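J.: Below you'll find model_19.cif; it's mmCIF, C-alpha atoms and all ligand atoms.
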data_coords
#
loop_
_atom_site.label_atom_id
_atom_site.label_comp_id
_atom_site.auth_asym_id
_atom_site.auth_seq_id
_atom_site.Cartn_x
_atom_site.Cartn_y
_atom_site.Cartn_z
CA MET A 22 51.69 77.93 46.57
CA LYS A 23 48.03 78.95 46.30
CA LYS A 24 48.81 80.79 43.05
CA THR A 25 50.55 77.76 41.56
CA LEU A 26 47.61 75.60 42.49
CA ALA A 27 45.18 78.06 40.87
CA ILE A 28 47.24 78.11 37.66
CA LEU A 29 47.45 74.33 37.65
CA MET A 30 43.71 74.03 38.12
CA ALA A 31 43.05 76.50 35.31
CA LEU A 32 45.39 74.50 33.09
CA VAL A 33 43.57 71.28 33.89
CA MET A 34 40.27 72.96 33.05
CA VAL A 35 41.54 74.29 29.72
CA LEU A 36 43.03 70.93 28.82
CA GLY A 37 39.79 69.25 29.81
CA ALA A 38 37.82 71.61 27.60
CA CYS A 39 40.19 70.92 24.71
CA THR A 40 39.84 67.16 25.14
CA PHE A 41 36.08 67.57 25.34
CA ALA A 42 36.05 69.68 22.15
CA SER A 43 38.17 67.22 20.23
CA ALA A 44 35.99 64.34 21.39
CA GLU A 45 32.88 65.97 19.96
CA VAL A 46 31.54 63.71 17.25
CA LYS A 47 29.52 64.82 14.26
CA THR A 48 27.29 62.03 12.99
CA TYR A 49 25.82 62.40 9.52
CA LYS A 50 22.71 60.46 8.57
CA VAL A 51 22.84 58.89 5.12
CA GLY A 52 19.72 57.39 3.53
CA ILE A 53 20.43 54.74 0.87
CA SER A 54 17.61 53.20 -1.15
CA ILE A 55 18.50 50.30 -3.45
CA TYR A 56 16.07 49.28 -6.19
CA GLN A 57 16.20 45.59 -5.24
CA TYR A 58 18.33 43.69 -2.73
CA THR A 59 18.13 40.38 -4.62
CA ASP A 60 20.10 41.88 -7.55
CA ASN A 61 23.60 40.26 -7.47
CA PHE A 62 25.49 43.26 -8.79
CA MET A 63 23.71 45.79 -6.59
CA THR A 64 24.49 43.60 -3.57
CA LEU A 65 28.23 43.95 -4.25
CA TYR A 66 27.71 47.67 -4.81
CA ARG A 67 25.66 48.13 -1.62
CA ASN A 68 28.14 46.25 0.57
CA GLU A 69 30.97 48.36 -0.79
CA ILE A 70 29.08 51.59 0.00
CA ALA A 71 28.88 50.46 3.65
CA ALA A 72 32.50 49.27 3.77
CA TYR A 73 33.86 52.45 2.19
CA PHE A 74 31.88 54.81 4.46
CA LYS A 75 33.41 52.95 7.42
CA THR A 76 36.94 53.67 6.16
CA LEU A 77 36.16 57.41 6.03
CA GLU A 78 35.10 57.64 9.66
CA THR A 79 37.36 59.51 12.10
CA ASP A 80 37.16 60.35 15.78
CA GLU A 81 35.21 63.45 14.83
CA VAL A 82 33.07 62.27 11.91
CA LYS A 83 30.76 59.25 11.82
CA TYR A 84 28.21 58.11 9.25
CA GLU A 85 24.97 56.50 10.27
CA LEU A 86 23.71 54.54 7.29
CA PHE A 87 20.02 53.83 6.73
CA PHE A 88 19.75 51.18 3.99
CA ALA A 89 16.36 50.41 2.42
CA ASP A 90 15.31 47.72 -0.06
CA ALA A 91 12.81 49.20 -2.54
CA LYS A 92 11.89 45.65 -3.68
CA ASN A 93 11.59 46.83 -7.28
CA ASP A 94 8.48 48.75 -6.27
CA MET A 95 8.19 52.43 -7.11
CA ALA A 96 5.52 53.10 -4.43
CA GLU A 97 7.73 51.48 -1.80
CA GLN A 98 10.68 53.61 -2.86
CA THR A 99 8.61 56.80 -2.80
CA ASN A 100 7.66 55.93 0.81
CA GLN A 101 11.29 55.34 1.68
CA MET A 102 12.23 58.74 0.28
CA ASN A 103 9.49 60.42 2.32
CA ASN A 104 10.70 58.55 5.42
CA PHE A 105 14.26 59.72 4.76
CA VAL A 106 12.94 63.30 4.85
CA THR A 107 11.07 62.72 8.12
CA GLN A 108 14.10 61.04 9.67
CA GLY A 109 16.20 64.09 8.78
CA MET A 110 18.80 62.54 6.48
CA ASP A 111 21.75 64.78 5.67
CA VAL A 112 22.28 63.22 2.24
CA ILE A 113 20.55 60.51 0.18
CA ILE A 114 22.03 57.94 -2.20
CA LEU A 115 19.36 56.63 -4.53
CA ASN A 116 19.27 53.68 -6.94
CA PRO A 117 15.92 54.40 -8.61
CA VAL A 118 13.38 51.66 -9.33
CA GLN A 119 11.88 53.53 -12.26
CA THR A 120 14.05 56.04 -14.02
CA SER A 121 11.05 57.38 -15.92
CA SER A 122 9.63 58.53 -12.55
CA ALA A 123 12.91 59.95 -11.28
CA ASP A 124 11.45 63.47 -11.11
CA VAL A 125 9.07 62.40 -8.31
CA LEU A 126 12.00 61.10 -6.23
CA ILE A 127 14.28 64.05 -7.04
CA ASP A 128 11.50 66.49 -6.09
CA ILE A 129 11.14 64.87 -2.65
CA ALA A 130 14.85 65.33 -1.89
CA VAL A 131 15.22 68.77 -3.47
CA GLY A 132 11.96 69.95 -1.84
CA ALA A 133 13.37 69.02 1.57
CA GLY A 134 16.77 70.56 0.81
CA ILE A 135 18.54 67.20 1.04
CA PRO A 136 21.41 66.63 -1.42
CA LEU A 137 20.92 63.60 -3.66
CA VAL A 138 23.33 61.19 -5.36
CA LEU A 139 21.67 59.00 -7.99
CA ILE A 140 23.48 55.77 -8.83
CA ASN A 141 23.47 52.90 -11.34
CA ARG A 142 20.24 53.68 -13.23
CA GLU A 143 20.59 56.85 -15.19
CA PRO A 144 17.42 58.83 -15.80
CA LEU A 145 17.49 60.27 -19.33
CA ALA A 146 15.29 62.77 -21.07
CA TYR A 147 12.09 61.31 -22.52
CA ASP A 148 10.07 62.26 -25.59
CA GLU A 149 6.28 62.74 -25.45
CA ASN A 150 5.76 58.99 -26.07
CA GLY A 151 7.88 58.05 -23.09
CA ASN A 152 10.83 56.83 -25.19
CA THR A 153 14.28 57.60 -23.88
CA LEU A 154 16.18 60.29 -25.72
CA ASP A 155 19.93 60.29 -25.96
CA GLU A 156 20.00 63.45 -23.85
CA ARG A 157 20.95 64.31 -20.28
CA TYR A 158 18.15 64.69 -17.79
CA GLU A 159 17.13 68.21 -16.77
CA GLY A 160 16.24 67.16 -13.23
CA ILE A 161 19.94 66.45 -12.71
CA LEU A 162 21.46 69.18 -14.86
CA ASN A 163 19.42 71.94 -13.22
CA ASN A 164 20.06 70.99 -9.62
CA PRO A 165 23.42 71.88 -8.08
CA GLN A 166 22.73 69.46 -5.20
CA VAL A 167 21.83 66.49 -7.41
CA CYS A 168 24.20 64.29 -9.37
CA TYR A 169 24.46 60.94 -11.11
CA VAL A 170 27.30 58.44 -10.69
CA GLY A 171 27.46 55.63 -13.22
CA ALA A 172 29.09 53.99 -16.17
CA ASP A 173 28.29 54.50 -19.86
CA ALA A 174 26.52 51.29 -20.89
CA ARG A 175 27.39 51.84 -24.57
CA GLN A 176 30.97 51.01 -23.66
CA SER A 177 29.97 47.70 -22.04
CA GLY A 178 27.91 46.67 -25.07
CA THR A 179 30.76 47.49 -27.45
CA TYR A 180 33.18 45.42 -25.34
CA GLN A 181 30.82 42.44 -25.47
CA GLY A 182 30.81 42.60 -29.27
CA GLU A 183 34.59 42.92 -29.31
CA LEU A 184 34.94 39.82 -27.12
CA ILE A 185 33.05 37.86 -29.78
CA LEU A 186 35.14 39.38 -32.60
CA ALA A 187 38.28 38.25 -30.74
CA THR A 188 37.29 34.55 -30.91
CA ALA A 189 38.98 32.19 -33.41
CA ASN A 190 36.11 32.32 -35.92
CA GLN A 191 34.86 35.79 -34.93
CA GLY A 192 31.55 34.39 -33.74
CA ASP A 193 30.73 32.51 -36.94
CA ILE A 194 31.19 28.97 -35.65
CA ASN A 195 29.39 27.15 -38.47
CA GLY A 196 31.06 29.24 -41.18
CA ASP A 197 27.81 30.26 -42.90
CA GLY A 198 28.93 33.89 -43.18
CA LYS A 199 26.73 35.25 -40.42
CA ILE A 200 26.79 35.47 -36.64
CA SER A 201 23.54 34.00 -35.28
CA TYR A 202 22.82 35.11 -31.76
CA ILE A 203 20.26 35.27 -29.01
CA MET A 204 19.93 38.31 -26.74
CA ILE A 205 18.88 38.05 -23.10
CA GLN A 206 17.96 41.53 -21.92
CA GLY A 207 17.83 43.19 -18.52
CA ASP A 208 14.95 45.39 -17.42
CA PRO A 209 13.97 47.10 -20.72
CA GLU A 210 13.25 50.42 -18.99
CA ASN A 211 16.85 50.53 -17.86
CA ILE A 212 19.21 52.37 -20.18
CA ASP A 213 21.95 49.80 -19.38
CA ALA A 214 19.79 47.09 -20.94
CA GLN A 215 18.89 49.23 -23.95
CA TYR A 216 22.46 50.27 -24.73
CA ARG A 217 24.03 46.86 -24.13
CA THR A 218 21.48 45.22 -26.45
CA GLU A 219 22.16 47.80 -29.15
CA PHE A 220 25.92 48.30 -28.88
CA SER A 221 26.96 44.64 -28.55
CA VAL A 222 25.47 43.95 -31.99
CA LYS A 223 26.61 47.30 -33.38
CA ALA A 224 30.23 46.33 -32.65
CA LEU A 225 29.73 43.31 -34.92
CA THR A 226 28.04 45.19 -37.76
CA ASP A 227 30.56 48.06 -37.47
CA ALA A 228 33.25 45.42 -38.09
CA GLY A 229 31.43 44.51 -41.32
CA LYS A 230 29.81 41.32 -39.98
CA THR A 231 26.41 40.01 -40.99
CA VAL A 232 24.27 39.20 -37.98
CA GLU A 233 21.09 37.23 -37.41
CA CYS A 234 18.99 37.67 -34.27
CA LEU A 235 17.32 34.34 -33.51
CA ASP A 236 15.68 35.49 -30.30
CA SER A 237 15.62 38.54 -28.04
CA GLN A 238 13.84 38.29 -24.69
CA VAL A 239 13.59 40.14 -21.39
CA GLY A 240 15.18 38.39 -18.43
CA ASN A 241 15.04 41.38 -16.04
CA TRP A 242 18.66 40.85 -14.84
CA ASP A 243 17.53 37.61 -13.20
CA GLN A 244 19.54 34.36 -13.18
CA THR A 245 16.58 31.96 -13.17
CA LYS A 246 14.91 33.89 -15.97
CA GLY A 247 18.18 33.86 -17.93
CA GLN A 248 18.38 30.10 -17.63
CA GLU A 249 14.75 29.65 -18.71
CA LEU A 250 15.07 31.93 -21.75
CA CYS A 251 18.33 30.39 -22.91
CA ALA A 252 16.98 26.84 -22.47
CA ASN A 253 13.93 27.71 -24.60
CA ALA A 254 16.01 29.34 -27.33
CA LEU A 255 18.37 26.36 -27.46
CA THR A 256 15.43 23.98 -27.76
CA VAL A 257 13.94 25.99 -30.63
CA HIS A 258 17.13 26.98 -32.51
CA GLY A 259 19.60 24.27 -31.46
CA TYR A 260 23.06 24.48 -33.01
CA ASN A 261 22.08 27.54 -35.04
CA VAL A 262 22.74 29.56 -31.88
CA GLU A 263 26.38 30.63 -32.06
CA VAL A 264 26.42 33.48 -29.57
CA VAL A 265 24.49 34.13 -26.35
CA PHE A 266 24.58 37.81 -25.39
CA CYS A 267 23.39 38.50 -21.85
CA ASN A 268 22.98 42.06 -20.60
CA ASN A 269 24.46 40.96 -17.26
CA ASP A 270 26.36 38.10 -15.62
CA GLY A 271 23.46 37.05 -13.41
CA MET A 272 21.52 36.03 -16.52
CA ALA A 273 24.72 34.68 -18.14
CA MET A 274 25.23 32.31 -15.19
CA GLY A 275 21.68 31.07 -15.76
CA ALA A 276 22.36 30.76 -19.50
CA LEU A 277 25.50 28.73 -18.72
CA THR A 278 23.42 26.19 -16.81
CA ALA A 279 21.05 25.93 -19.79
CA ILE A 280 23.99 25.59 -22.21
CA GLN A 281 25.55 22.79 -20.15
CA THR A 282 22.22 21.02 -19.68
CA ALA A 283 21.76 21.09 -23.47
CA GLY A 284 25.18 19.40 -23.84
CA ARG A 285 26.69 22.42 -25.57
CA ILE A 286 30.31 23.48 -25.00
CA VAL A 287 31.31 27.12 -24.64
CA GLY A 288 34.31 28.00 -26.80
CA GLU A 289 33.65 25.01 -29.10
CA ASP A 290 30.09 25.17 -30.37
CA ILE A 291 28.75 28.32 -28.69
CA TYR A 292 29.97 31.61 -27.17
CA LEU A 293 28.63 33.30 -24.05
CA VAL A 294 29.22 36.85 -22.81
CA GLY A 295 27.84 38.90 -19.93
CA VAL A 296 28.51 42.15 -18.07
CA ASP A 297 29.45 42.92 -14.42
CA ALA A 298 32.39 40.55 -13.78
CA LEU A 299 30.69 38.87 -10.83
CA PRO A 300 33.24 36.60 -9.07
CA GLU A 301 31.40 33.48 -10.31
CA ALA A 302 31.54 34.77 -13.92
CA VAL A 303 35.29 35.47 -13.70
CA GLU A 304 35.71 31.92 -12.36
CA ALA A 305 33.68 30.55 -15.31
CA ILE A 306 35.87 32.49 -17.77
CA LYS A 307 39.02 31.01 -16.23
CA LEU A 308 37.53 27.52 -16.68
CA GLY A 309 36.58 28.33 -20.29
CA ASP A 310 32.85 28.09 -19.49
CA MET A 311 32.25 31.70 -20.48
CA THR A 312 33.81 33.61 -23.38
CA GLY A 313 34.12 36.86 -21.49
CA THR A 314 32.46 39.59 -19.52
CA VAL A 315 32.83 43.32 -18.85
CA LEU A 316 33.80 44.63 -15.45
CA ASN A 317 31.08 46.92 -14.12
CA ASP A 318 33.31 48.56 -11.55
CA HIS A 319 31.18 48.52 -8.38
CA ILE A 320 34.21 49.54 -6.31
CA GLY A 321 34.97 52.60 -8.44
CA GLN A 322 31.28 53.53 -8.67
CA SER A 323 30.47 53.10 -4.98
CA HIS A 324 33.56 55.03 -3.92
CA ALA A 325 32.75 57.85 -6.36
CA ALA A 326 29.17 57.96 -5.02
CA VAL A 327 30.30 58.06 -1.39
CA ASP A 328 33.02 60.64 -2.11
CA VAL A 329 30.56 63.00 -3.74
CA ALA A 330 28.05 62.43 -0.91
CA VAL A 331 30.76 63.50 1.54
CA GLN A 332 31.54 66.55 -0.58
CA LEU A 333 27.85 67.47 -0.47
CA LEU A 334 27.86 67.06 3.32
CA LYS A 335 30.75 69.50 3.48
CA GLY A 336 28.80 71.94 1.33
CA GLU A 337 31.30 71.72 -1.51
CA GLU A 338 30.43 72.37 -5.11
CA ILE A 339 29.98 69.21 -7.19
CA GLN A 340 29.60 68.16 -10.81
CA ASN A 341 26.27 66.80 -12.07
CA TYR A 342 27.81 63.68 -13.63
CA TYR A 343 30.57 61.29 -12.62
CA TRP A 344 31.58 58.45 -14.97
CA VAL A 345 33.48 55.27 -14.19
CA ASN A 346 34.97 53.17 -16.99
CA TYR A 347 34.06 49.58 -17.84
CA VAL A 348 36.88 47.07 -18.39
CA LYS A 349 36.89 44.19 -20.88
CA VAL A 350 37.42 40.83 -19.19
CA ASP A 351 38.71 38.02 -21.42
CA LYS A 352 40.42 34.80 -20.32
CA ALA A 353 43.86 36.39 -20.01
CA TYR A 354 42.49 39.23 -17.87
CA ALA A 355 40.48 36.80 -15.70
CA GLU A 356 43.52 34.59 -15.13
CA ALA A 357 45.56 37.59 -14.05
CA GLN A 358 43.03 38.39 -11.29
C1 LIG B 401 23.42 47.06 -14.21
C2 LIG B 401 24.03 45.72 -13.88
C3 LIG B 401 22.93 44.69 -13.69
C4 LIG B 401 21.91 45.17 -12.68
C5 LIG B 401 21.44 46.57 -13.05
C6 LIG B 401 20.50 47.12 -12.01
O1 LIG B 401 24.41 48.02 -14.34
O2 LIG B 401 24.86 45.32 -14.93
O3 LIG B 401 23.48 43.47 -13.29
O4 LIG B 401 22.53 45.22 -11.43
O5 LIG B 401 22.54 47.44 -13.20
O6 LIG B 401 20.07 48.39 -12.35
#
Write the structure described by the file as structure tokens, please.

T.:
Amino acid sequence: MKKTLAILMALVMVLGACTFASAEVKTYKVGISIYQYTDNFMTLYRNEIAAYFKTLETDEVKYELFFADAKNDMAEQTNQMNNFVTQGMDVIILNPVQTSSADVLIDIAVGAGIPLVLINREPLAYDENGNTLDERYEGILNNPQVCYVGADARQSGTYQGELILATANQGDINGDGKISYIMIQGDPENIDAQYRTEFSVKALTDAGKTVECLDSQVGNWDQTKGQELCANALTVHGYNVEVVFCNNDGMAMGALTAIQTAGRIVGEDIYLVGVDALPEAVEAIKLGDMTGTVLNDHIGQSHAAVDVAVQLLKGEEIQNYYWVNYVKVDKAYAEAQ
């Protein structure tokens, strides 16, 4: 009887130990610095990072997320990176304020031995005058624990041009043999803004079209600024403006307000395209208030960023670059959503 009791007790202890072991939770600390919380697209992206991390949690693995708003301020973001080091982050996801200063931020993470996933704003190589070169960045290529997750902005620009070429009069509403456009640009330091500005027009000229740039201004991705710039251009150039290219949908939504206030009608006397496929832009396309946009896949990008962060936490080998495709969004595509 005594023996049976002893065996039973031993069994209970072993079982208890097993339960205890399986209940042990590993919590990883993840630092996430976003260049600016007021950015519409990065808000969708940021929320999806949080939502997706949650789906990956198990009884054994948890992720404690430390989000920080860099408020478009490089000094603020440098502080946040230093704080992430002090707080002992296991991995950092970084949406840099200034890609030209990416080396400073990369050095902080690499110096502290913390793996780093850069997102959305790709740092490129620079020449001695500070101009971006069409070359990959050494700070990423040379670091096995650093990578970039993004989309190739050339593709989004090309799709914008193609959306205009797909219209009834291929962008030449007044039939004068040329496509007269205005360009509303994002942050000019950002390669997304540079490539979208260049490749949207290149798609037109590659198709043999003559183009005329009536105005090209910096709207810094901002809706209010987009509205202001478009309103000014419409006042100065009136019905000569046939196409409004916006580097993103935030600014395109602002431009739409300006277009409507000026009594202009999208699809009849003017065309309007953006990038991102914000829900409000997709709605506008369905209503015919926008010609089209390009899906900047924040779901695909945020999931890729989180997946590689998890790989880094597990000590797995990673690639230096991960690319997510853009998708052209015309009326048919928007209606199918
Ligand atoms: C772009 C996006 C913009 C803005 C920018 C921030 O990819 O289209 O709307 O969010 O990133 O870097």

J.: Counting all atoms listed in the file, figure out which residue out of A:Ala72, A:Tyr56, A:Glu143, A:Gly132 gets nearest to A:Val118.

T.: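 For A:Val118, the nearest of the given residues is A:Tyr56.
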
J.: Could you state the separation of atom CA of A:Pro165 and atom CA of A:Asp318 in Å, given to one decimal place?

T.: 25.6 Å

J.: Would you give me, as a tab-separated table, each residue of chain A having an atom within 8 Å of an atom of ligand LIG 401 (chain B), along with its shortest atom pair and that distance in Å to one decimal, using all atoms listed in the file and sorting by chain and residue number?

T.:
residue	atom	partner	partner_atom	distance
A:Tyr56	CA	B:LIG401	O6	7.4
A:Asp60	CA	B:LIG401	O4	5.7
A:Asn61	CA	B:LIG401	O4	6.4
A:Phe62	CA	B:LIG401	O4	4.4
A:Met63	CA	B:LIG401	O4	5.0
A:Asn116	CA	B:LIG401	O6	7.6
A:Asn141	CA	B:LIG401	O6	5.7
A:Arg142	CA	B:LIG401	O6	5.4
A:Ala172	CA	B:LIG401	O1	7.8
A:Ala174	CA	B:LIG401	O1	7.6
A:Gly207	CA	B:LIG401	C3	7.2
A:Asp208	CA	B:LIG401	O6	7.8
A:Asn211	CA	B:LIG401	O6	6.7
A:Asp213	CA	B:LIG401	O1	5.9
A:Ala214	CA	B:LIG401	C1	7.6
A:Trp242	CA	B:LIG401	O3	5.7
A:Asn268	CA	B:LIG401	O2	6.8
A:Asn269	CA	B:LIG401	O3	4.8
A:Asp270	CA	B:LIG401	O3	6.5
A:Gly271	CA	B:LIG401	O3	6.4
A:Val296	CA	B:LIG401	O2	5.8
A:Asp297	CA	B:LIG401	O2	5.2
A:Asn317	CA	B:LIG401	O2	6.5

J.: Contacts of A:Met204 at 8 Å or less, counting only C-alpha atoms, minus same-chain residues fewer than 5 places along, as a list in words?

T.: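 Residues meeting the cut-off are Thr218, Cys234, Asp236, Ser237, Gln238, Val265, Phe266, Cys267 and Asn268 of chain A.
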
J.: Residues within 12 Å of A:Arg285, please, as a JSON list (two decimals) with C-alpha atoms, keeping the file's coordinate frame. Count only C-alpha atoms; anything in the same chain fewer than 5 positions from it doesn't count.

T.:
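Result saved to out38.json:
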[["chain", "number", "residue", "atom", "x", "y", "z"],
["A", 251, "CYS", "CA", 18.33, 30.39, -22.91],
["A", 252, "ALA", "CA", 16.98, 26.84, -22.47],
["A", 255, "LEU", "CA", 18.37, 26.36, -27.46],
["A", 256, "THR", "CA", 15.43, 23.98, -27.76],
["A", 259, "GLY", "CA", 19.60, 24.27, -31.46],
["A", 260, "TYR", "CA", 23.06, 24.48, -33.01],
["A", 261, "ASN", "CA", 22.08, 27.54, -35.04],
["A", 262, "VAL", "CA", 22.74, 29.56, -31.88],
["A", 263, "GLU", "CA", 26.38, 30.63, -32.06],
["A", 264, "VAL", "CA", 26.42, 33.48, -29.57],
["A", 265, "VAL", "CA", 24.49, 34.13, -26.35],
["A", 276, "ALA", "CA", 22.36, 30.76, -19.50],
["A", 277, "LEU", "CA", 25.50, 28.73, -18.72],
["A", 278, "THR", "CA", 23.42, 26.19, -16.81],
["A", 279, "ALA", "CA", 21.05, 25.93, -19.79],
["A", 280, "ILE", "CA", 23.99, 25.59, -22.21],
["A", 290, "ASP", "CA", 30.09, 25.17, -30.37],
["A", 291, "ILE", "CA", 28.75, 28.32, -28.69],
["A", 292, "TYR", "CA", 29.97, 31.61, -27.17],
["A", 293, "LEU", "CA", 28.63, 33.30, -24.05],
["A", 310, "ASP", "CA", 32.85, 28.09, -19.49],
["A", 311, "MET", "CA", 32.25, 31.70, -20.48]]

J.: Extract, using only C-alpha atoms, all DNA, RNA and protein residues at most 9 Å from A:Phe105, discarding same-chain residues fewer than 4 positions from it, and format them as JSON, numbers by chain.

T.: {"A": [51, 52, 53, 87, 100, 101, 109, 110, 113, 130]}

J.: For A:Val345, please output as a PDB file with C-alpha atoms, keeping the file's coordinate frame all residues within 10 Å (counting only C-alpha atoms; exclusion window: fewer than 5 positions along the same chain).

T.:
ATOM      1  CA  VAL A 170      27.300  58.440 -10.690  1.00  0.00           C
ATOM      2  CA  GLY A 171      27.460  55.630 -13.220  1.00  0.00           C
ATOM      3  CA  ALA A 172      29.090  53.990 -16.170  1.00  0.00           C
ATOM      4  CA  ASP A 173      28.290  54.500 -19.860  1.00  0.00           C
ATOM      5  CA  ASN A 317      31.080  46.920 -14.120  1.00  0.00           C
ATOM      6  CA  ASP A 318      33.310  48.560 -11.550  1.00  0.00           C
ATOM      7  CA  HIS A 319      31.180  48.520  -8.380  1.00  0.00           C
ATOM      8  CA  ILE A 320      34.210  49.540  -6.310  1.00  0.00           C
ATOM      9  CA  GLY A 321      34.970  52.600  -8.440  1.00  0.00           C
ATOM     10  CA  GLN A 322      31.280  53.530  -8.670  1.00  0.00           C
ATOM     11  CA  SER A 323      30.470  53.100  -4.980  1.00  0.00           C
ATOM     12  CA  ALA A 325      32.750  57.850  -6.360  1.00  0.00           C
TER      13      ALA A 325
END

J.: What does the structure give for the distance between atom CA of A:Gln340 and atom CA of A:Ser121, in Å to one decimal?

T.: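 Interatomic distance here is 22.1 Å.
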
J.: Could you work out how far atom CA of A:Pro300 lies from atom CA of A:Asp328, giving the answer in Å with one decimal?

T.: 25.0 Å

J.: Find the residues near A:Gly178: any atom within 6 Å, counting only C-alpha atoms, skip ones fewer than 6 places away on the same chain, and give them as JSON, numbers by chain.

T.: {"A": [217, 220, 221]}

J.: Export, as a PDB file, keeping the file's coordinate frame, the selected residues with C-alpha atoms.

T.:
ATOM      1  CA  ARG A 217      24.030  46.860 -24.130  1.00  0.00           C
ATOM      2  CA  PHE A 220      25.920  48.300 -28.880  1.00  0.00           C
ATOM      3  CA  SER A 221      26.960  44.640 -28.550  1.00  0.00           C
TER       4      SER A 221
END

J.: Can you give me N, CA and C atoms for stretch 114-131 of chain A, written as a PDB file, keeping the file's coordinate frame?

T.:
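Contents of part.pdb, freshly written:
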ATOM      1  N   ILE A 114      21.498  58.633  -1.025  1.00  0.00           N
ATOM      2  CA  ILE A 114      22.030  57.940  -2.200  1.00  0.00           C
ATOM      3  C   ILE A 114      20.896  57.069  -2.726  1.00  0.00           C
ATOM      4  N   LEU A 115      20.578  57.258  -4.000  1.00  0.00           N
ATOM      5  CA  LEU A 115      19.360  56.630  -4.530  1.00  0.00           C
ATOM      6  C   LEU A 115      19.635  55.841  -5.809  1.00  0.00           C
ATOM      7  N   ASN A 116      19.215  54.574  -5.781  1.00  0.00           N
ATOM      8  CA  ASN A 116      19.270  53.680  -6.940  1.00  0.00           C
ATOM      9  C   ASN A 116      17.813  53.505  -7.384  1.00  0.00           C
ATOM     10  N   PRO A 117      17.361  54.339  -8.338  1.00  0.00           N
ATOM     11  CA  PRO A 117      15.920  54.400  -8.610  1.00  0.00           C
ATOM     12  C   PRO A 117      15.327  53.117  -9.188  1.00  0.00           C
ATOM     13  N   VAL A 118      14.103  52.808  -8.765  1.00  0.00           N
ATOM     14  CA  VAL A 118      13.380  51.660  -9.330  1.00  0.00           C
ATOM     15  C   VAL A 118      12.982  51.980 -10.762  1.00  0.00           C
ATOM     16  N   GLN A 119      12.396  53.166 -10.938  1.00  0.00           N
ATOM     17  CA  GLN A 119      11.880  53.530 -12.260  1.00  0.00           C
ATOM     18  C   GLN A 119      12.478  54.858 -12.679  1.00  0.00           C
ATOM     19  N   THR A 120      13.397  54.790 -13.633  1.00  0.00           N
ATOM     20  CA  THR A 120      14.050  56.040 -14.020  1.00  0.00           C
ATOM     21  C   THR A 120      13.066  57.019 -14.663  1.00  0.00           C
ATOM     22  N   SER A 121      12.017  56.482 -15.276  1.00  0.00           N
ATOM     23  CA  SER A 121      11.050  57.380 -15.920  1.00  0.00           C
ATOM     24  C   SER A 121      10.261  58.189 -14.877  1.00  0.00           C
ATOM     25  N   SER A 122      10.311  57.757 -13.613  1.00  0.00           N
ATOM     26  CA  SER A 122       9.630  58.530 -12.550  1.00  0.00           C
ATOM     27  C   SER A 122      10.635  59.217 -11.647  1.00  0.00           C
ATOM     28  N   ALA A 123      11.846  59.386 -12.126  1.00  0.00           N
ATOM     29  CA  ALA A 123      12.910  59.950 -11.280  1.00  0.00           C
ATOM     30  C   ALA A 123      12.545  61.342 -10.753  1.00  0.00           C
ATOM     31  N   ASP A 124      11.774  62.099 -11.549  1.00  0.00           N
ATOM     32  CA  ASP A 124      11.450  63.470 -11.110  1.00  0.00           C
ATOM     33  C   ASP A 124      10.705  63.479  -9.779  1.00  0.00           C
ATOM     34  N   VAL A 125       9.829  62.484  -9.570  1.00  0.00           N
ATOM     35  CA  VAL A 125       9.070  62.400  -8.310  1.00  0.00           C
ATOM     36  C   VAL A 125      10.055  62.278  -7.133  1.00  0.00           C
ATOM     37  N   LEU A 126      11.037  61.381  -7.305  1.00  0.00           N
ATOM     38  CA  LEU A 126      12.000  61.100  -6.230  1.00  0.00           C
ATOM     39  C   LEU A 126      12.944  62.298  -6.022  1.00  0.00           C
ATOM     40  N   ILE A 127      13.377  62.883  -7.134  1.00  0.00           N
ATOM     41  CA  ILE A 127      14.280  64.050  -7.040  1.00  0.00           C
ATOM     42  C   ILE A 127      13.552  65.200  -6.343  1.00  0.00           C
ATOM     43  N   ASP A 128      12.271  65.394  -6.695  1.00  0.00           N
ATOM     44  CA  ASP A 128      11.500  66.490  -6.090  1.00  0.00           C
ATOM     45  C   ASP A 128      11.397  66.330  -4.567  1.00  0.00           C
ATOM     46  N   ILE A 129      11.261  65.093  -4.109  1.00  0.00           N
ATOM     47  CA  ILE A 129      11.140  64.870  -2.650  1.00  0.00           C
ATOM     48  C   ILE A 129      12.422  65.349  -1.964  1.00  0.00           C
ATOM     49  N   ALA A 130      13.576  64.944  -2.507  1.00  0.00           N
ATOM     50  CA  ALA A 130      14.850  65.330  -1.890  1.00  0.00           C
ATOM     51  C   ALA A 130      15.086  66.832  -2.010  1.00  0.00           C
ATOM     52  N   VAL A 131      14.949  67.340  -3.233  1.00  0.00           N
ATOM     53  CA  VAL A 131      15.220  68.770  -3.470  1.00  0.00           C
ATOM     54  C   VAL A 131      14.254  69.634  -2.649  1.00  0.00           C
TER      55      VAL A 131
END
